[in-house]
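Heads up, protein_10.cif below (mmCIF, C-alpha atoms):
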```cif
data_model
#
loop_
_atom_site.group_PDB
_atom_site.id
_atom_site.type_symbol
_atom_site.label_atom_id
_atom_site.label_comp_id
_atom_site.auth_asym_id
_atom_site.auth_seq_id
_atom_site.Cartn_x
_atom_site.Cartn_y
_atom_site.Cartn_z
ATOM 1 C CA MET Y 1 176.778 105.504 41.749
ATOM 2 C CA ARG Y 2 179.436 106.844 39.440
ATOM 3 C CA VAL Y 3 178.632 107.288 35.772
ATOM 4 C CA GLU Y 4 181.436 107.349 33.213
ATOM 5 C CA GLY Y 5 181.056 108.205 29.530
ATOM 6 C CA HIS Y 6 178.856 110.368 27.359
ATOM 7 C CA PRO Y 7 175.137 110.473 28.250
ATOM 8 C CA LEU Y 8 172.716 108.256 26.375
ATOM 9 C CA GLU Y 9 171.057 109.913 23.423
ATOM 10 C CA PRO Y 10 167.429 109.474 22.365
ATOM 11 C CA HIS Y 11 166.694 106.357 20.279
ATOM 12 C CA THR Y 12 169.513 104.397 21.925
ATOM 13 C CA PHE Y 13 169.409 100.622 22.203
ATOM 14 C CA VAL Y 14 171.285 99.810 25.417
ATOM 15 C CA VAL Y 15 172.979 96.425 25.755
ATOM 16 C CA ALA Y 16 174.002 95.807 29.387
ATOM 17 C CA ASN Y 17 175.289 93.065 31.643
ATOM 18 C CA HIS Y 18 172.837 91.794 34.265
ATOM 19 C CA THR Y 19 174.006 91.060 37.803
ATOM 20 C CA SER Y 20 171.104 92.144 39.999
ATOM 21 C CA TRP Y 21 167.608 93.574 40.184
ATOM 22 C CA LEU Y 22 169.482 96.761 41.138
ATOM 23 C CA ASP Y 23 170.579 97.088 37.493
ATOM 24 C CA ILE Y 24 167.031 98.063 36.550
ATOM 25 C CA LEU Y 25 166.809 100.720 39.252
ATOM 26 C CA ILE Y 26 170.216 102.078 38.246
ATOM 27 C CA LEU Y 27 169.621 102.302 34.477
ATOM 28 C CA GLY Y 28 166.035 103.438 34.848
ATOM 29 C CA GLY Y 29 166.964 105.953 37.528
ATOM 30 C CA PHE Y 30 169.880 107.806 35.991
ATOM 31 C CA ALA Y 31 169.113 107.384 32.278
ATOM 32 C CA GLY Y 32 165.349 106.884 32.226
ATOM 33 C CA THR Y 33 165.633 103.787 30.060
ATOM 34 C CA ALA Y 34 162.693 101.573 29.250
ATOM 35 C CA PHE Y 35 163.398 97.842 29.330
ATOM 36 C CA VAL Y 36 162.780 94.677 27.391
ATOM 37 C CA SER Y 37 161.621 92.138 29.971
ATOM 38 C CA LYS Y 38 160.268 88.629 30.184
ATOM 39 C CA SER Y 39 156.459 88.573 30.248
ATOM 40 C CA GLU Y 40 156.390 87.000 33.738
ATOM 41 C CA VAL Y 41 157.423 90.375 35.183
ATOM 42 C CA GLN Y 42 154.155 91.931 33.984
ATOM 43 C CA ARG Y 43 152.182 89.375 36.013
ATOM 44 C CA THR Y 44 154.122 90.005 39.251
ATOM 45 C CA ALA Y 45 152.236 92.078 41.816
ATOM 46 C CA LEU Y 46 153.549 95.630 42.243
ATOM 47 C CA ILE Y 47 156.673 94.943 40.139
ATOM 48 C CA GLY Y 48 154.532 94.536 37.027
ATOM 49 C CA TRP Y 49 152.738 97.795 37.754
ATOM 50 C CA LEU Y 50 156.054 99.603 38.285
ATOM 51 C CA ALA Y 51 157.432 98.155 35.040
ATOM 52 C CA ASP Y 52 154.344 99.348 33.179
ATOM 53 C CA GLN Y 53 154.992 102.918 34.344
ATOM 54 C CA ASN Y 54 158.284 102.934 32.435
ATOM 55 C CA ARG Y 55 157.057 101.609 29.053
ATOM 56 C CA THR Y 56 158.487 98.113 29.584
ATOM 57 C CA LEU Y 57 158.301 95.951 26.478
ATOM 58 C CA TYR Y 58 157.373 92.396 27.458
ATOM 59 C CA ILE Y 59 158.643 89.390 25.552
ATOM 60 C CA ASP Y 60 157.137 85.923 25.969
ATOM 61 C CA ARG Y 61 160.083 83.535 25.929
ATOM 62 C CA ALA Y 62 157.764 80.579 25.377
ATOM 63 C CA GLU Y 63 156.803 82.047 21.988
ATOM 64 C CA ARG Y 64 160.094 81.172 20.278
ATOM 65 C CA GLY Y 65 158.313 80.852 16.954
ATOM 66 C CA ASP Y 66 157.255 84.490 17.283
ATOM 67 C CA ALA Y 67 160.828 85.852 17.380
ATOM 68 C CA HIS Y 68 160.251 87.926 14.230
ATOM 69 C CA ARG Y 69 157.296 89.739 15.858
ATOM 70 C CA GLN Y 70 159.314 90.302 19.053
ATOM 71 C CA VAL Y 71 162.177 91.822 17.058
ATOM 72 C CA GLN Y 72 159.694 94.018 15.183
ATOM 73 C CA ARG Y 73 158.245 95.284 18.489
ATOM 74 C CA VAL Y 74 161.751 96.204 19.732
ATOM 75 C CA ALA Y 75 162.454 98.082 16.492
ATOM 76 C CA GLU Y 76 159.141 99.938 16.848
ATOM 77 C CA ALA Y 77 160.018 100.880 20.451
ATOM 78 C CA LEU Y 78 163.218 102.510 19.169
ATOM 79 C CA ALA Y 79 161.080 105.016 17.261
ATOM 80 C CA HIS Y 80 160.268 106.539 20.672
ATOM 81 C CA PRO Y 81 163.095 108.791 21.954
ATOM 82 C CA GLN Y 82 163.334 107.018 25.335
ATOM 83 C CA PRO Y 83 166.382 104.709 25.353
ATOM 84 C CA ILE Y 84 165.460 101.038 25.630
ATOM 85 C CA ALA Y 85 167.652 98.508 27.425
ATOM 86 C CA VAL Y 86 168.077 94.787 27.005
ATOM 87 C CA PHE Y 87 170.046 92.336 29.124
ATOM 88 C CA PRO Y 88 171.209 89.799 26.518
ATOM 89 C CA GLU Y 89 172.407 87.322 29.151
ATOM 90 C CA GLY Y 90 168.697 86.636 29.646
ATOM 91 C CA THR Y 91 169.040 86.354 33.428
ATOM 92 C CA THR Y 92 171.062 87.686 36.330
ATOM 93 C CA GLY Y 93 174.415 86.209 37.261
ATOM 94 C CA ASP Y 94 176.864 85.919 40.114
ATOM 95 C CA GLY Y 95 178.643 89.173 39.242
ATOM 96 C CA ARG Y 96 181.953 87.456 38.539
ATOM 97 C CA HIS Y 97 181.225 85.932 35.133
ATOM 98 C CA LEU Y 98 179.332 87.069 32.072
ATOM 99 C CA LEU Y 99 176.910 84.565 30.639
ATOM 100 C CA PRO Y 100 176.741 84.180 26.855
ATOM 101 C CA PHE Y 101 174.871 87.000 25.135
ATOM 102 C CA ARG Y 102 171.764 85.920 23.253
ATOM 103 C CA SER Y 103 171.549 87.694 19.937
ATOM 104 C CA THR Y 104 167.889 87.274 18.941
ATOM 105 C CA LEU Y 105 166.656 90.734 19.977
ATOM 106 C CA LEU Y 106 169.757 92.383 18.515
ATOM 107 C CA GLU Y 107 168.220 91.590 15.130
ATOM 108 C CA ALA Y 108 166.179 94.783 15.694
ATOM 109 C CA VAL Y 109 169.390 96.846 15.472
ATOM 110 C CA ALA Y 110 171.278 94.829 12.863
ATOM 111 C CA PRO Y 111 171.662 97.357 11.357
ATOM 112 C CA PRO Y 112 170.139 100.028 13.634
ATOM 113 C CA PRO Y 113 167.168 101.995 12.312
ATOM 114 C CA GLN Y 114 167.854 105.507 11.020
ATOM 115 C CA GLY Y 115 168.823 107.775 13.952
ATOM 116 C CA ALA Y 116 169.306 104.923 16.433
ATOM 117 C CA GLN Y 117 172.510 103.609 17.939
ATOM 118 C CA VAL Y 118 173.620 100.590 19.964
ATOM 119 C CA ARG Y 119 175.415 101.441 23.230
ATOM 120 C CA PRO Y 120 177.001 98.816 25.440
ATOM 121 C CA VAL Y 121 176.784 99.678 29.133
ATOM 122 C CA ALA Y 122 178.839 97.986 31.850
ATOM 123 C CA ILE Y 123 177.297 97.971 35.335
ATOM 124 C CA ASP Y 124 180.217 97.243 37.643
ATOM 125 C CA TYR Y 125 179.730 96.488 41.343
ATOM 126 C CA GLY Y 126 183.469 95.883 41.811
ATOM 127 C CA ASP Y 127 184.257 94.311 45.183
ATOM 128 C CA HIS Y 128 180.541 94.145 45.995
ATOM 129 C CA ALA Y 129 179.623 91.914 43.048
ATOM 130 C CA ASP Y 130 179.399 88.925 45.397
ATOM 131 C CA VAL Y 131 176.931 90.800 47.607
ATOM 132 C CA VAL Y 132 174.552 91.903 44.845
ATOM 133 C CA GLY Y 133 174.970 89.043 42.366
ATOM 134 C CA TRP Y 134 171.756 87.052 41.989
ATOM 135 C CA HIS Y 135 172.854 83.662 40.775
ATOM 136 C CA SER Y 136 170.925 80.702 39.488
ATOM 137 C CA GLY Y 137 169.050 78.825 42.181
ATOM 138 C CA GLU Y 138 169.008 81.643 44.739
ATOM 139 C CA ALA Y 139 165.561 82.681 45.928
ATOM 140 C CA GLY Y 140 164.691 86.304 45.139
ATOM 141 C CA LEU Y 141 163.800 87.113 48.728
ATOM 142 C CA ALA Y 142 167.141 85.746 49.960
ATOM 143 C CA ASN Y 143 168.965 87.991 47.505
ATOM 144 C CA VAL Y 144 166.938 91.070 48.475
ATOM 145 C CA LYS Y 145 167.642 90.401 52.169
ATOM 146 C CA ARG Y 146 171.376 90.021 51.514
ATOM 147 C CA VAL Y 147 171.570 93.211 49.434
ATOM 148 C CA LEU Y 148 169.443 95.338 51.769
ATOM 149 C CA GLY Y 149 171.131 93.850 54.837
ATOM 150 C CA HIS Y 150 174.608 94.827 53.685
ATOM 151 C CA ARG Y 151 176.186 97.386 56.012
ATOM 152 C CA GLY Y 152 177.866 100.409 54.529
ATOM 153 C CA ALA Y 153 177.901 101.954 51.105
ATOM 154 C CA MET Y 154 178.410 100.006 47.899
ATOM 155 C CA ASP Y 155 179.951 101.784 44.942
ATOM 156 C CA VAL Y 156 178.643 100.971 41.490
ATOM 157 C CA PHE Y 157 180.287 102.219 38.327
ATOM 158 C CA VAL Y 158 178.106 102.617 35.265
ATOM 159 C CA ARG Y 159 180.310 102.785 32.203
ATOM 160 C CA LEU Y 160 178.562 104.160 29.128
ATOM 161 C CA LEU Y 161 180.767 102.713 26.426
ATOM 162 C CA HIS Y 162 181.178 103.955 22.876
ATOM 163 C CA PRO Y 163 178.389 103.116 20.411
ATOM 164 C CA LEU Y 164 179.007 99.965 18.416
ATOM 165 C CA PRO Y 165 179.630 100.386 14.710
ATOM 166 C CA PRO Y 166 176.543 99.509 12.650
ATOM 167 C CA SER Y 167 176.412 95.879 11.592
ATOM 168 C CA ALA Y 168 173.891 93.694 9.813
ATOM 169 C CA ASP Y 169 175.158 90.660 11.775
ATOM 170 C CA ARG Y 170 173.312 90.324 15.101
ATOM 171 C CA LYS Y 171 175.674 87.616 16.347
ATOM 172 C CA ALA Y 172 178.692 89.803 15.661
ATOM 173 C CA LEU Y 173 176.956 92.669 17.512
ATOM 174 C CA ALA Y 174 176.346 90.383 20.504
ATOM 175 C CA ARG Y 175 179.976 89.202 20.534
ATOM 176 C CA HIS Y 176 181.310 92.750 20.229
ATOM 177 C CA ALA Y 177 179.015 94.061 22.993
ATOM 178 C CA ARG Y 178 179.986 91.194 25.309
ATOM 179 C CA GLN Y 179 183.680 91.752 24.622
ATOM 180 C CA VAL Y 180 183.677 95.492 25.403
ATOM 181 C CA ILE Y 181 181.440 95.051 28.468
ATOM 182 C CA ALA Y 182 183.685 92.277 29.856
ATOM 183 C CA ALA Y 183 186.747 94.488 29.383
ATOM 184 C CA ALA Y 184 185.039 97.330 31.294
ATOM 185 C CA LEU Y 185 184.053 95.243 34.344
ATOM 186 C CA SER Y 186 186.526 95.055 37.222
ATOM 187 C CA SER Y 187 184.427 92.334 38.867
ATOM 188 C CA VAL Y 188 184.383 89.862 35.961
ATOM 189 C CA ARG Y 189 186.834 87.008 35.809
ATOM 190 C CA GLU Y 190 186.925 86.084 32.146
ATOM 191 C CA PRO Y 191 188.916 82.991 31.215
ATOM 192 C CA THR Y 192 192.242 83.778 29.631
ATOM 193 C CA SER Y 193 193.199 82.191 26.342
ATOM 194 C CA LEU Y 194 196.435 80.266 26.135
#
```

Whole structure given in structure tokens:
Amino acid sequence: MRVEGHPLEPHTFVVANHTSWLDILILGGFAGTAFVSKSEVQRTALIGWLADQNRTLYIDRAERGDAHRQVQRVAEALAHPQPIAVFPEGTTGDGRHLLPFRSTLLEAVAPPPQGAQVRPVAIDYGDHADVVGWHSGEAGLANVKRVLGHRGAMDVFVRLLHPLPPSADRKALARHARQVIAAALSSVREPTSL
């Protein structure tokens, strides 16, 4: 793993791309981030227990009418110095394309609370994106077997990008974060405009 950029500061809201379950181990391992996760993770044997050890904040996606409360909980979590990370794509991808960024939880940092900042982070698997990418429809066990069965080392670049300027517009924050993350990923094939 190679980390580029200035270290994360306390009270940082991390916005990152999501390619693999490895992303959680990487961000949690080097930066000690807590995570915003879907509530199903909490009910998964062993994984739920591990997530609990790192102050994971669980969000019930079925409770769409409770978005205000979910945003409030994220804002409250930022009062703790431990950085908290969200994957606004909402799921993992194939490693070659970024999914649209959902902006709902970015409401908690639009604008950021006093002393907090929003940091986009690009997790780049480069030539190994196809190996680690966990795309829609692939069974979790099949992905784990492929990743763990890969021979040789796999480089991953974690690019800690500059904090985003404060904004009261969560959708603009999501667009800006997606744009700078896409530009920092060597593995992403973004469509070109004509």

Using the chain letters and numbering of this document, enumerate as a PyMOL selection string the residues selected by the PyMOL selection byres ((chain Y and resi 27) around 12). chain Y and resi 1-3+7-8+14-18+20-26+28-35+54+83-87+121-123+156-160

Okay, now the selection with C-alpha atoms, as a PDB file, in the coordinates of the input?
```
ATOM      1  CA  MET Y   1     176.778 105.504  41.749  1.00  0.00           C
ATOM      2  CA  ARG Y   2     179.436 106.844  39.440  1.00  0.00           C
ATOM      3  CA  VAL Y   3     178.632 107.288  35.772  1.00  0.00           C
ATOM      4  CA  PRO Y   7     175.137 110.473  28.250  1.00  0.00           C
ATOM      5  CA  LEU Y   8     172.716 108.256  26.375  1.00  0.00           C
ATOM      6  CA  VAL Y  14     171.285  99.810  25.417  1.00  0.00           C
ATOM      7  CA  VAL Y  15     172.979  96.425  25.755  1.00  0.00           C
ATOM      8  CA  ALA Y  16     174.002  95.807  29.387  1.00  0.00           C
ATOM      9  CA  ASN Y  17     175.289  93.065  31.643  1.00  0.00           C
ATOM     10  CA  HIS Y  18     172.837  91.794  34.265  1.00  0.00           C
ATOM     11  CA  SER Y  20     171.104  92.144  39.999  1.00  0.00           C
ATOM     12  CA  TRP Y  21     167.608  93.574  40.184  1.00  0.00           C
ATOM     13  CA  LEU Y  22     169.482  96.761  41.138  1.00  0.00           C
ATOM     14  CA  ASP Y  23     170.579  97.088  37.493  1.00  0.00           C
ATOM     15  CA  ILE Y  24     167.031  98.063  36.550  1.00  0.00           C
ATOM     16  CA  LEU Y  25     166.809 100.720  39.252  1.00  0.00           C
ATOM     17  CA  ILE Y  26     170.216 102.078  38.246  1.00  0.00           C
ATOM     18  CA  GLY Y  28     166.035 103.438  34.848  1.00  0.00           C
ATOM     19  CA  GLY Y  29     166.964 105.953  37.528  1.00  0.00           C
ATOM     20  CA  PHE Y  30     169.880 107.806  35.991  1.00  0.00           C
ATOM     21  CA  ALA Y  31     169.113 107.384  32.278  1.00  0.00           C
ATOM     22  CA  GLY Y  32     165.349 106.884  32.226  1.00  0.00           C
ATOM     23  CA  THR Y  33     165.633 103.787  30.060  1.00  0.00           C
ATOM     24  CA  ALA Y  34     162.693 101.573  29.250  1.00  0.00           C
ATOM     25  CA  PHE Y  35     163.398  97.842  29.330  1.00  0.00           C
ATOM     26  CA  ASN Y  54     158.284 102.934  32.435  1.00  0.00           C
ATOM     27  CA  PRO Y  83     166.382 104.709  25.353  1.00  0.00           C
ATOM     28  CA  ILE Y  84     165.460 101.038  25.630  1.00  0.00           C
ATOM     29  CA  ALA Y  85     167.652  98.508  27.425  1.00  0.00           C
ATOM     30  CA  VAL Y  86     168.077  94.787  27.005  1.00  0.00           C
ATOM     31  CA  PHE Y  87     170.046  92.336  29.124  1.00  0.00           C
ATOM     32  CA  VAL Y 121     176.784  99.678  29.133  1.00  0.00           C
ATOM     33  CA  ALA Y 122     178.839  97.986  31.850  1.00  0.00           C
ATOM     34  CA  ILE Y 123     177.297  97.971  35.335  1.00  0.00           C
ATOM     35  CA  VAL Y 156     178.643 100.971  41.490  1.00  0.00           C
ATOM     36  CA  PHE Y 157     180.287 102.219  38.327  1.00  0.00           C
ATOM     37  CA  VAL Y 158     178.106 102.617  35.265  1.00  0.00           C
ATOM     38  CA  ARG Y 159     180.310 102.785  32.203  1.00  0.00           C
ATOM     39  CA  LEU Y 160     178.562 104.160  29.128  1.00  0.00           C
TER      40      LEU Y 160
END
```

How would you write as a tab-separated table (two decimals) with C-alpha atoms, keeping the file's coordinate frame the residues that get within 8 Å of (176.1, 99.0, 12.6) in the file's frame, counting all atoms listed in the file?
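Now in point00.tsv:
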```
chain	number	residue	atom	x	y	z
Y	109	VAL	CA	169.39	96.85	15.47
Y	110	ALA	CA	171.28	94.83	12.86
Y	111	PRO	CA	171.66	97.36	11.36
Y	112	PRO	CA	170.14	100.03	13.63
Y	117	GLN	CA	172.51	103.61	17.94
Y	118	VAL	CA	173.62	100.59	19.96
Y	164	LEU	CA	179.01	99.96	18.42
Y	165	PRO	CA	179.63	100.39	14.71
Y	166	PRO	CA	176.54	99.51	12.65
Y	167	SER	CA	176.41	95.88	11.59
Y	168	ALA	CA	173.89	93.69	9.81
```

Considering all atoms listed in the file, can you say which of Y:Glu107, Y:Phe101, Y:Val131, Y:Gln179 comes closest to His68 in chain Y?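 Among Y:Glu107, Y:Phe101, Y:Val131, Y:Gln179, it is Y:Glu107 that comes nearest to His68 in chain Y.
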
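This file, filtered with the PyMOL selection byres ((chain Y and resi 80) around 12), gives the residues Glu9, Pro10, His11, Thr12, Phe13, Thr33, Ala34, Arg55, Arg73, Val74, Ala75, Glu76, Ala77, Leu78, Ala79, Pro81, Gln82, Pro83, Ile84, Pro113, Gly115 and Ala116 of chain Y.
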
Contacts of range 143-145 of chain Y at 12 Å or less, counting all atoms listed in the file, minus same-chain residues fewer than 4 places along, as a short mmCIF file (atom, residue, chain, number, x, y, z; two decimals) with C-alpha atoms, in the coordinates of the input?
```
data_model
loop_
_atom_site.label_atom_id
_atom_site.label_comp_id
_atom_site.auth_asym_id
_atom_site.auth_seq_id
_atom_site.Cartn_x
_atom_site.Cartn_y
_atom_site.Cartn_z
CA THR Y 19 174.01 91.06 37.80
CA SER Y 20 171.10 92.14 40.00
CA TRP Y 21 167.61 93.57 40.18
CA LEU Y 22 169.48 96.76 41.14
CA THR Y 92 171.06 87.69 36.33
CA GLY Y 93 174.42 86.21 37.26
CA ASP Y 94 176.86 85.92 40.11
CA ASP Y 130 179.40 88.92 45.40
CA VAL Y 131 176.93 90.80 47.61
CA VAL Y 132 174.55 91.90 44.84
CA GLY Y 133 174.97 89.04 42.37
CA TRP Y 134 171.76 87.05 41.99
CA HIS Y 135 172.85 83.66 40.78
CA SER Y 136 170.92 80.70 39.49
CA GLY Y 137 169.05 78.82 42.18
CA GLU Y 138 169.01 81.64 44.74
CA ALA Y 139 165.56 82.68 45.93
CA GLY Y 149 171.13 93.85 54.84
CA HIS Y 150 174.61 94.83 53.68
CA ARG Y 151 176.19 97.39 56.01
#
```

Step by step, work through what the PyMOL selection byres ((chain Y and resi 70) around 9) selects in the shown file, and finish by giving those residues as a PDB file with C-alpha atoms, in the coordinates of the input.
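This is the output file out_4.pdb:
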```pdb
ATOM      1  CA  TYR Y  58     157.373  92.396  27.458  1.00  0.00           C
ATOM      2  CA  ILE Y  59     158.643  89.390  25.552  1.00  0.00           C
ATOM      3  CA  ASP Y  60     157.137  85.923  25.969  1.00  0.00           C
ATOM      4  CA  ASP Y  66     157.255  84.490  17.283  1.00  0.00           C
ATOM      5  CA  ALA Y  67     160.828  85.852  17.380  1.00  0.00           C
ATOM      6  CA  HIS Y  68     160.251  87.926  14.230  1.00  0.00           C
ATOM      7  CA  ARG Y  69     157.296  89.739  15.858  1.00  0.00           C
ATOM      8  CA  VAL Y  71     162.177  91.822  17.058  1.00  0.00           C
ATOM      9  CA  GLN Y  72     159.694  94.018  15.183  1.00  0.00           C
ATOM     10  CA  ARG Y  73     158.245  95.284  18.489  1.00  0.00           C
ATOM     11  CA  VAL Y  74     161.751  96.204  19.732  1.00  0.00           C
ATOM     12  CA  ALA Y  75     162.454  98.082  16.492  1.00  0.00           C
ATOM     13  CA  LEU Y 105     166.656  90.734  19.977  1.00  0.00           C
ATOM     14  CA  ALA Y 108     166.179  94.783  15.694  1.00  0.00           C
TER      15      ALA Y 108
END
```

Please list as a PyMOL selection string every residue within 10 Å of Val188 in chain Y, counting all atoms listed in the file and excluding residues in the same chain fewer than 2 positions away. chain Y and resi 94-98+124-126+129+181-186+190-191

What is the CA of Pro100 in chain Y to CA of His176 in chain Y distance in Å?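 These atoms are spaced 11.8 Å apart.
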
Two-atom distance - CA of Glu89 in chain Y, CA of Val147 in chain Y (Å):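 About the pair CA of Glu89 in chain Y and CA of Val147 in chain Y: they are 21.1 Å apart.
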
Edge lengths and centre in Å to one decimal, as lines of an AutoDock Vina configuration file, is what I'm after for the box along x, y and z that holds all listed atoms of range 158-169 of chain Y once 3 Å is added on each side.
```
center_x = 177.5
center_y = 97.4
center_z = 22.5
size_x = 13.3
size_y = 19.5
size_z = 31.5
```

How many Å lie between CA of Asp127 in chain Y and CA of Pro88 in chain Y, rounded to one decimal?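 Taking CA of Asp127 in chain Y as the start and CA of Pro88 in chain Y as the end point, the length is 23.2 Å.
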